[in-house]
4 protein chains.
Amino acid sequence: MSGSTIGTLFRVTTFGESHGPAIGCIVDGCPPGLELSESDIQPELDRRRPGTSRHVTQRQEEDRVEILSGVFEGRTTGTPIGLLIRNTDQRSKDYANLLDTFRPGHADYTYHHKYGRRDPRGGGRASARLTAPAVGAAAIARKWLKAVHGTTFVGHMSQIGEIAIPFEGLEHVGRNPFFAANVGDIARIEAYVDALRRDGDSCGARIDVIARGVPVGLGEPLYDKLDADIAYAMMGINAVKGVEIGAGFGSVAQRGSTHGDELTPEGFASNNAGGVLGGISTGQDITVSIAIKPTSSIRSPRRSIDLEGRATTVETFGRHDPCVGIRATPIAEAMLALVVMDHALRHRAQCGDVRVAMAPIAAGRP
Amino acid sequence: MSGSTIGTLFRVTTFGESHGPAIGCIVDGCPPGLELSESDIQPELDRRRPGTSRHVTQRQEEDRVEILSGVFEGRTTGTPIGLLIRNTDQRSKDYANLLDTFRPGHADYTYHHKYGRRDPRGGGRASARLTAPAVGAAAIARKWLKAVHGTTFVGHMSQIGEIAIPFEGLEHVGRNPFFAANVGDIARIEAYVDALRRDGDSCGARIDVIARGVPVGLGEPLYDKLDADIAYAMMGINAVKGVEIGAGFGSVAQRGSTHGDELTPEGFASNNAGGVLGGISTGQDITVSIAIKPTSSIRSPRRSIDLEGRATTVETFGRHDPCVGIRATPIAEAMLALVVMDHALRHRAQCGDVRVAMAPIAAGRP
Amino acid sequence: MSGSTIGTLFRVTTFGESHGPAIGCIVDGCPPGLELSESDIQPELDRRRPGTSRHVTQRQEEDRVEILSGVFEGRTTGTPIGLLIRNTDQRSKDYANLLDTFRPGHADYTYHHKYGRRDPRGGGRASARLTAPAVGAAAIARKWLKAVHGTTFVGHMSQIGEIAIPFEGLEHVGRNPFFAANVGDIARIEAYVDALRRDGDSCGARIDVIARGVPVGLGEPLYDKLDADIAYAMMGINAVKGVEIGAGFGSVAQRGSTHGDELTPEGFASNNAGGVLGGISTGQDITVSIAIKPTSSIRSPRRSIDLEGRATTVETFGRHDPCVGIRATPIAEAMLALVVMDHALRHRAQCGDVRVAMAPIAAGRP
Amino acid sequence: MSGSTIGTLFRVTTFGESHGPAIGCIVDGCPPGLELSESDIQPELDRRRPGTSRHVTQRQEEDRVEILSGVFEGRTTGTPIGLLIRNTDQRSKDYANLLDTFRPGHADYTYHHKYGRRDPRGGGRASARLTAPAVGAAAIARKWLKAVHGTTFVGHMSQIGEIAIPFEGLEHVGRNPFFAANVGDIARIEAYVDALRRDGDSCGARIDVIARGVPVGLGEPLYDKLDADIAYAMMGINAVKGVEIGAGFGSVAQRGSTHGDELTPEGFASNNAGGVLGGISTGQDITVSIAIKPTSSIRSPRRSIDLEGRATTVETFGRHDPCVGIRATPIAEAMLALVVMDHALRHRAQCGDVRVAMAPIAAGRP
């Protein structure tokens, strides 16, 4: 199995290569009756689209989404929703000679050995462009979750390369090209990225994502824990090398007397758990951080080998983000939304008639 | 779905609660013809067993495994392998009054709200004891992988609480109670843990795990990437709050010119990728790190609430590890082995007849 | 994958061979809060147990079920329910020389070529004994479905060999060894079966199963239709060679003006659909018929080959049912219950908040 | 879950409604390196296309397939293959008033109660048109199976309404509009169907399908038996009410001494098993029969109810097949091919290194 499906009940199956005729997905299992049109999906695609600032690739991917099925008279019918995005900007000549060697940090070598062949145009299926269908699918999940549970998703970049980005407020996120929750440091970040681009180099990033208003009780004890499925979804994003929930790696050096979030009549006293205990949501914010590696496509020449195993040099031209993390925030939000949506349906399946006398305590966002 | 299954082709489904009659699992999809008896499995269970040093819980869980099916005349038949471990040490009186409140850091609160009830005996299904069936199942995977591909798995603790544990050599791992790849710092670690226990507190740990001899080509491009499935499996271990592959969070501050592992005729020049590119194994070591939170069960009193939402205090007695990470190394190895095994079969299914002219380059372990 | 799991949300995974140490299953996804003990399950196992009349094998399989997990203080907790049945009567000497040849009609030949080996004791995993865990799991499903939806399952034998068994009334089913809904023809059937046994031969049977009180709306349009999943479950029973829903093969010669069940304010005017339209339940009785082939183990000598491909003769001794269909009724009921249960949860997951103004019409059982 | 996926390793997920913008599917898990273009797929779609004779609906569905992904330079890459078929003939005015009532024999009533709404245009997702994507996907499976295993699939109509169609030879199947393996009775069948159409009525059909050259060993013992998965796939075809393997319902009246296929050095002496024993292929022909109910859309007025539950009358106009079974043969072949393909990959995953000394015996097609 190529494993191109994410989700058990809210299932998203994608297809497509960066420079083939089209990319897209099938969203299976969406509850019926949800108002839905392209205008609900397109804005999310536009948030991750390249070409929006000088700091990201200048490829013009229009990413115009078309709903092919599953909607009748403006509402979902409960049948699969087909989403189609035609590829319009296919300058495949940029990539013509890439079949003779393997770009360091790319999937060229592994695809070659797994499949015996690969589609080199724009990275083929390994391209970050393949996150677009998931972002589209997640727009549907987000709309349903907000309407039914009041759940929302927000992310921001908290570090780029060596520069930590202090959190100032979520209101800033949409107003700068980095999805930074910050206004004071933007000029410094821009200068940093400009310098990288001049150097023909790249850097990594750290993205924080939060789900708010998640109902208590989502997730399964073993193995499909909510946090396990989040880790799967996040590590599945291109270039991600690390995932944390709550205190994450910081919890290694914590004491139990600090880490364990106390409960009070007013709510949880802290959120080191990141909103998940025993694989099940607590009702607090679900807080996730991911590490994104530096863009592998850089102008500087790199050592590699050719198909006969002889030493060669790879130089990458074309249009590439100096930091692939710059556009990763909406993608991370999307993947988190897909997981929460799936577990919302799973929970209803098994526990739809559970009644608990005690009300959930306040989320506690200290 | 309770989601108690891990794996697509090598499928492990577990059952059991810490203090119920038994725990166990069904291993479905094991290739036929593998020599197998309890003596292949028991040693792995013994490695994670409590009661082996003063630094871990003194519970006497014998963890005696019985093979119930799938083996005939000493070899696997290809049919499901049932593994059964009877629970022998069930001092459930220790946990009698725990249904009235919620222990901070535990799954009590989330189980209560999800299911409307819970089994409080020894943490029920949320107990770390439930890692035993997976360790047993992984012993089978490890034997097959070693025989067919020469793949081995080894892990060690690299940090406990505030103490980083320098890597000295893997030969030390089995000779100290912490699974440390170190001999010089053991006394200091013991003193640290003794002090924690006296304080009635606990700490976290960082575990590094490595898979060696993994064939190139395992994993699926999207979404069932090898690293995504590893993240899922690792985050699914009790108390894990973070997962890294290769350079992990360190890659955020790296440059692309550093991070991207160059290829040479002699092999990869580095392994920042941690053995996975584009979701597919490179043939290098797969390197994984996990963060384990401090044990939630500590003697110090903590604030909580009762079933009516009124403030109360929780004190935990009984037998608990001051650092749940101490026994986590064999568990992390096991989860990694389950993922690699599953993908070895998946790869054979789809690509069993792929022939690549070029030989894989040396793994490159600089 | 060995594929030993049935169900998507109410998942039953089995293990075991006829004459190994034990058989059993894990039932994952059961809603919490259901009162459950062994006494809910044992009676269903007893219905399919051999040795209850002279017309079935005299093997003494006690089939004593033990609940290993998932139940606390008499109610399900929502975690996996482990069911264990120890094998007690293991006269494996009866089967000692069966590895040298292949019994016609049995799975010997196919197991040998698939796996390169097989467990010959009592048919190994291909034994009808392996229906016991599913019957046990289905007892749980039946209890939940009856409590929540009022759904019940009942089956009866409608033909044995050449003898059609006229339907007289369901009250007769439990009062004769054939599960016949008939009292007048029992003596004739007994004579028929006695003659078969004397001849060292066997015959087939037809079983009809009905689910009553199934809510309207269960099933998915494509491909997991309710009737498709029923066909899968039924064809998965040992020895089944055909499955019909509603009018079944009789619909070939029907006219559309007859077959299409008209709707009236009083209910459906007929039930040629067998309770399923477009893969979704109508609220009418779900009616299923299955064809069971003659028992393959017969005393008469049969031609076969040995492991070198040379002609040989197989004679079967030991204890065998002259008609394996005699005990199939509770099994067929069980499989139907598992499918309906799974779809009840699936439907709640996706459509749990659908409200339809129109009340379902009466089931219409004309 | 809407369950719109068939297959475990060769996975086909469909989307689309009869009169929406498009229908299609994603084929995930296809082995890499297979030569593939639209010209491999289009002929199979053309075989099931309406409008090809006066005996089927005169709708002009061009069913022009486009490959959107998964193919590079004329060969499959191992990544998902997207297939798109635009809907061109959308005379939705024919169906405008159908939302007020429920057509007998159709899915209108069940969709309404399940989802609270439905797409009435051309039957929406319940339309037989939705078999086209599966036929397209199966064309890929058929090409691979033929190339790798020499497996082929052929079907024919063996009964239409009351008329049994004697088998004369497969060479006739492609030369008449009914897929009959017969040349002598075609005129009689045409007259029969013409009369039905004049009466405004419809009839059912029986289709036989055979898979030849299936390797021995495909299928899983429990529950994903080859025959169970075939039953699932066949019952999932629109209008199918019954499925038989091998002797099917005829086995009820057989003796064991007749039914059990003897093995000889020259091959199996018969094929009552229909090529499957214990859920695993024997290497003989896999023989399947299905019952197709009469077309539900007939001109004759039928009783029904409106949304308020009041009695009303339904008359169907528009363009409909008098026997939906006329076009079912290529669909049944396709579904059988999908199941065999999936199990070919599954078998290789688990048993790819099994070596059996004994050669399979001849298929034996007496």
# chains A, B, ... in the order shown; residues from 1 in each chain; ligands from 1
$ interface_residues --of "chain C" --to "chain B" --cutoff "6 Å" --atoms "only C-alpha atoms" --output "ChimeraX atom specification"
/C:1-2,9,15-16,21-22,28-29,32,68-69,72,77,80,82,115,118-119
$ calpha_fit_rmsd --fixed "chain D" --moving "chain C"
0.0 Å
$ residues_around --residues "stretch 186-188 of chain C" --least-positions-apart "5" --cutoff "9 Å" --atoms "only C-alpha atoms" --output "VMD selection string"
chain C and resid 165 176 to 178 180 193
$ write_last_selection --atoms "N, CA and C atoms" --output "compact mmCIF listing (two decimals), in the first residue's frame"
# COMPACT_ATOMS: atom_id res chain seq x y z
N ILE C 165 -37.03 -27.76 4.21
CA ILE C 165 -37.67 -27.79 5.53
C ILE C 165 -38.67 -26.66 5.59
N ASN C 176 -35.10 -28.57 18.46
CA ASN C 176 -34.65 -29.74 17.69
C ASN C 176 -33.18 -29.55 17.36
N PRO C 177 -32.49 -30.62 17.07
CA PRO C 177 -31.02 -30.51 16.92
C PRO C 177 -30.59 -29.86 15.62
N PHE C 178 -31.54 -29.46 14.76
CA PHE C 178 -31.18 -28.94 13.44
C PHE C 178 -31.43 -27.45 13.30
N ALA C 180 -34.23 -26.24 12.99
CA ALA C 180 -35.32 -26.15 12.01
C ALA C 180 -36.50 -25.41 12.61
N VAL C 193 -30.30 -38.01 8.06
CA VAL C 193 -28.94 -37.80 8.56
C VAL C 193 -28.36 -39.12 9.06
$ residues_around --residues "C:Ala311" --least-positions-apart "4" --cutoff "10 Å" --atoms "only C-alpha atoms" --output "NGL selection string"
(:C and (101 or 303-307)) or (:D and (263-266))
$ closest_residue --among "C:Glu62, C:Asp285, C:Glu308, C:Asp100" --to "C:Val214" --atoms "only C-alpha atoms"
C:Asp285
$ residues_around --residues "C:His172" --least-positions-apart "2" --cutoff "7 Å" --atoms "only C-alpha atoms" --output "PyMOL selection string"
chain C and resi 169-170+174-175+180-183
$ write_last_selection --atoms "N, CA and C atoms" --output "short mmCIF file (atom, residue, chain, number, x, y, z; two decimals), in the first residue's frame"
data_model
loop_
_atom_site.label_atom_id
_atom_site.label_comp_id
_atom_site.auth_asym_id
_atom_site.auth_seq_id
_atom_site.Cartn_x
_atom_site.Cartn_y
_atom_site.Cartn_z
N GLY C 169 -42.58 -22.16 12.23
CA GLY C 169 -42.58 -21.11 13.26
C GLY C 169 -41.25 -21.07 13.99
N LEU C 170 -40.84 -19.87 14.34
CA LEU C 170 -39.52 -19.74 14.97
C LEU C 170 -39.47 -20.37 16.35
N GLY C 174 -35.36 -23.79 18.67
CA GLY C 174 -34.52 -24.22 19.80
C GLY C 174 -34.84 -25.61 20.30
N ARG C 175 -35.82 -26.24 19.69
CA ARG C 175 -36.32 -27.51 20.25
C ARG C 175 -35.96 -28.73 19.43
N ALA C 180 -34.23 -26.24 12.99
CA ALA C 180 -35.32 -26.15 12.01
C ALA C 180 -36.50 -25.41 12.61
N ALA C 181 -37.11 -24.55 11.81
CA ALA C 181 -38.31 -23.84 12.26
C ALA C 181 -39.53 -24.70 11.96
N ASN C 182 -39.48 -25.89 12.50
CA ASN C 182 -40.39 -26.93 12.05
C ASN C 182 -40.44 -28.01 13.11
N VAL C 183 -41.60 -28.59 13.27
CA VAL C 183 -41.68 -29.72 14.19
C VAL C 183 -42.12 -31.00 13.48
#
$ closest_residue --among "D:Thr52, D:Ser202, D:Thr88, D:Ser37" --to "D:Gly136" --atoms "only C-alpha atoms"
D:Ser37
$ atom_distance --atom1 "atom CA of B:Lys241" --atom2 "atom CA of A:Ser158"
18.6 Å
